[in-house]
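Take a look at the structure below.
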Amino acid sequence: MKGDGPMIEVSGLTVKRGDAIAISDATFAIDKGEYVGIVGPNGGGKTTLVLSLLGLLPRESGSIRIMGKDIDAFDQWEKVGYVSQFAINFDPNFPLTVRELVGLGRVN
């Protein structure tokens, strides 16, 4: 909806992995209803960016706002979905098929 502000807003984000700067001064906003793809070469910072947006990697500087709240104060994580790229995190006892899982996100 217009006027609600961005769903995700990043300003001046810098993130280090070890001693290396993986993301430097990134600024962008994602509005409700937008589809966004993150593309780039291996080692280009895609996973670092997503982990930072989830609050799983600390930022060196800058700000991240989710649904209008600073990430440090954000408390509606049940509204955020993330699927890891690592098969090692797969739970073989998960009780849904892929078709059923994808169907949960559909609007009838």
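Ordering of the structure tokens sets the chain letters (A, B, ...); residue numbers start at 1 within each chain; ligands are numbered from 1 in the order shown.
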
Inset, instruction - Show which residues sit within 9 Å of Glu9 in chain A, as a ChimeraX atom specification. Count only C-alpha atoms, and ignore same-chain residues fewer than 4 positions away. - result: /A:5,27-31,63-68

Inset, instruction - Write out as a VMD selection string all residues of chain A that DSSP puts in strand (DSSP E or B) for this structure's backbone. - result: chain A and resid 8 to 17 20 to 30 61 to 66 69 to 70

Just N, CA and C atoms for this one: save the residues we selected as a PDB file, in the first residue's frame.
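Generated output (again_8.pdb):
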```
ATOM      1  N   ILE A   8      11.606  -2.968   3.434  1.00  0.00           N
ATOM      2  CA  ILE A   8      13.000  -3.049   3.852  1.00  0.00           C
ATOM      3  C   ILE A   8      13.689  -1.769   3.391  1.00  0.00           C
ATOM      4  N   GLU A   9      14.409  -1.141   4.294  1.00  0.00           N
ATOM      5  CA  GLU A   9      15.132   0.080   3.962  1.00  0.00           C
ATOM      6  C   GLU A   9      16.541  -0.022   4.538  1.00  0.00           C
ATOM      7  N   VAL A  10      17.519   0.074   3.659  1.00  0.00           N
ATOM      8  CA  VAL A  10      18.918  -0.042   4.050  1.00  0.00           C
ATOM      9  C   VAL A  10      19.613   1.264   3.702  1.00  0.00           C
ATOM     10  N   SER A  11      20.389   1.777   4.637  1.00  0.00           N
ATOM     11  CA  SER A  11      21.081   3.051   4.397  1.00  0.00           C
ATOM     12  C   SER A  11      22.522   2.968   4.888  1.00  0.00           C
ATOM     13  N   GLY A  12      23.466   3.150   3.979  1.00  0.00           N
ATOM     14  CA  GLY A  12      24.877   3.197   4.350  1.00  0.00           C
ATOM     15  C   GLY A  12      25.412   1.924   4.979  1.00  0.00           C
ATOM     16  N   LEU A  13      24.866   0.773   4.599  1.00  0.00           N
ATOM     17  CA  LEU A  13      25.236  -0.498   5.231  1.00  0.00           C
ATOM     18  C   LEU A  13      26.645  -0.937   4.837  1.00  0.00           C
ATOM     19  N   THR A  14      27.472  -1.158   5.836  1.00  0.00           N
ATOM     20  CA  THR A  14      28.792  -1.741   5.655  1.00  0.00           C
ATOM     21  C   THR A  14      28.895  -2.951   6.567  1.00  0.00           C
ATOM     22  N   VAL A  15      29.323  -4.088   5.996  1.00  0.00           N
ATOM     23  CA  VAL A  15      29.426  -5.339   6.743  1.00  0.00           C
ATOM     24  C   VAL A  15      30.785  -5.954   6.461  1.00  0.00           C
ATOM     25  N   LYS A  16      31.435  -6.414   7.518  1.00  0.00           N
ATOM     26  CA  LYS A  16      32.726  -7.092   7.377  1.00  0.00           C
ATOM     27  C   LYS A  16      32.541  -8.586   7.601  1.00  0.00           C
ATOM     28  N   ARG A  17      33.313  -9.371   6.871  1.00  0.00           N
ATOM     29  CA  ARG A  17      33.430 -10.815   7.124  1.00  0.00           C
ATOM     30  C   ARG A  17      34.897 -11.048   7.430  1.00  0.00           C
ATOM     31  N   ALA A  20      37.808  -8.544   6.049  1.00  0.00           N
ATOM     32  CA  ALA A  20      37.466  -7.980   4.734  1.00  0.00           C
ATOM     33  C   ALA A  20      36.097  -7.298   4.764  1.00  0.00           C
ATOM     34  N   ILE A  21      35.988  -6.182   4.077  1.00  0.00           N
ATOM     35  CA  ILE A  21      34.691  -5.520   3.921  1.00  0.00           C
ATOM     36  C   ILE A  21      33.943  -6.226   2.793  1.00  0.00           C
ATOM     37  N   ALA A  22      32.828  -6.853   3.129  1.00  0.00           N
ATOM     38  CA  ALA A  22      32.040  -7.602   2.147  1.00  0.00           C
ATOM     39  C   ALA A  22      30.986  -6.724   1.496  1.00  0.00           C
ATOM     40  N   ILE A  23      30.443  -5.772   2.243  1.00  0.00           N
ATOM     41  CA  ILE A  23      29.454  -4.826   1.734  1.00  0.00           C
ATOM     42  C   ILE A  23      29.890  -3.446   2.188  1.00  0.00           C
ATOM     43  N   SER A  24      29.919  -2.513   1.242  1.00  0.00           N
ATOM     44  CA  SER A  24      30.392  -1.169   1.567  1.00  0.00           C
ATOM     45  C   SER A  24      29.352  -0.123   1.185  1.00  0.00           C
ATOM     46  N   ASP A  25      28.802   0.543   2.194  1.00  0.00           N
ATOM     47  CA  ASP A  25      27.923   1.700   2.000  1.00  0.00           C
ATOM     48  C   ASP A  25      26.724   1.417   1.082  1.00  0.00           C
ATOM     49  N   ALA A  26      26.059   0.287   1.285  1.00  0.00           N
ATOM     50  CA  ALA A  26      24.891  -0.073   0.468  1.00  0.00           C
ATOM     51  C   ALA A  26      23.657   0.688   0.945  1.00  0.00           C
ATOM     52  N   THR A  27      22.907   1.212  -0.008  1.00  0.00           N
ATOM     53  CA  THR A  27      21.680   1.935   0.286  1.00  0.00           C
ATOM     54  C   THR A  27      20.623   1.533  -0.735  1.00  0.00           C
ATOM     55  N   PHE A  28      19.462   1.078  -0.250  1.00  0.00           N
ATOM     56  CA  PHE A  28      18.356   0.717  -1.130  1.00  0.00           C
ATOM     57  C   PHE A  28      17.081   0.570  -0.308  1.00  0.00           C
ATOM     58  N   ALA A  29      15.961   0.527  -0.995  1.00  0.00           N
ATOM     59  CA  ALA A  29      14.667   0.301  -0.342  1.00  0.00           C
ATOM     60  C   ALA A  29      13.873  -0.678  -1.198  1.00  0.00           C
ATOM     61  N   ILE A  30      13.091  -1.508  -0.526  1.00  0.00           N
ATOM     62  CA  ILE A  30      12.202  -2.460  -1.194  1.00  0.00           C
ATOM     63  C   ILE A  30      10.795  -2.189  -0.695  1.00  0.00           C
ATOM     64  N   SER A  61      28.546  -0.515  10.043  1.00  0.00           N
ATOM     65  CA  SER A  61      27.899   0.789  10.110  1.00  0.00           C
ATOM     66  C   SER A  61      26.657   0.766   9.235  1.00  0.00           C
ATOM     67  N   GLY A  62      25.872   1.817   9.343  1.00  0.00           N
ATOM     68  CA  GLY A  62      24.650   1.932   8.563  1.00  0.00           C
ATOM     69  C   GLY A  62      23.433   1.446   9.330  1.00  0.00           C
ATOM     70  N   SER A  63      22.288   1.506   8.650  1.00  0.00           N
ATOM     71  CA  SER A  63      21.046   1.118   9.308  1.00  0.00           C
ATOM     72  C   SER A  63      20.229   0.191   8.419  1.00  0.00           C
ATOM     73  N   ILE A  64      19.443  -0.655   9.089  1.00  0.00           N
ATOM     74  CA  ILE A  64      18.500  -1.554   8.424  1.00  0.00           C
ATOM     75  C   ILE A  64      17.162  -1.371   9.118  1.00  0.00           C
ATOM     76  N   ARG A  65      16.140  -1.081   8.333  1.00  0.00           N
ATOM     77  CA  ARG A  65      14.785  -0.961   8.864  1.00  0.00           C
ATOM     78  C   ARG A  65      13.909  -1.984   8.157  1.00  0.00           C
ATOM     79  N   ILE A  66      13.126  -2.701   8.936  1.00  0.00           N
ATOM     80  CA  ILE A  66      12.196  -3.695   8.398  1.00  0.00           C
ATOM     81  C   ILE A  66      10.797  -3.305   8.845  1.00  0.00           C
ATOM     82  N   LYS A  69      10.646  -0.421  11.269  1.00  0.00           N
ATOM     83  CA  LYS A  69      11.342  -0.483  12.558  1.00  0.00           C
ATOM     84  C   LYS A  69      12.820  -0.771  12.356  1.00  0.00           C
ATOM     85  N   ASP A  70      13.643  -0.155  13.183  1.00  0.00           N
ATOM     86  CA  ASP A  70      15.054  -0.490  13.179  1.00  0.00           C
ATOM     87  C   ASP A  70      15.199  -1.976  13.468  1.00  0.00           C
TER      88      ASP A  70
END
```

Inset, instruction - List the neighbours of range 32-40 of chain A out to 10 Å using only C-alpha atoms; skip same-chain residues closer than 6 positions along the sequence, and give me the result as a ChimeraX atom specification. - result: /A:1-2,4-8,46-47,49-50,67

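Residues of chain A carrying a DSSP assignment of alpha helix (DSSP H), computed from the backbone, are A:Lys46, A:Thr47, A:Thr48, A:Leu49, A:Val50, A:Leu51, A:Ser52, A:Leu53, A:Val98, A:Arg99, A:Glu100, A:Leu101, A:Val102, A:Gly103, A:Leu104.
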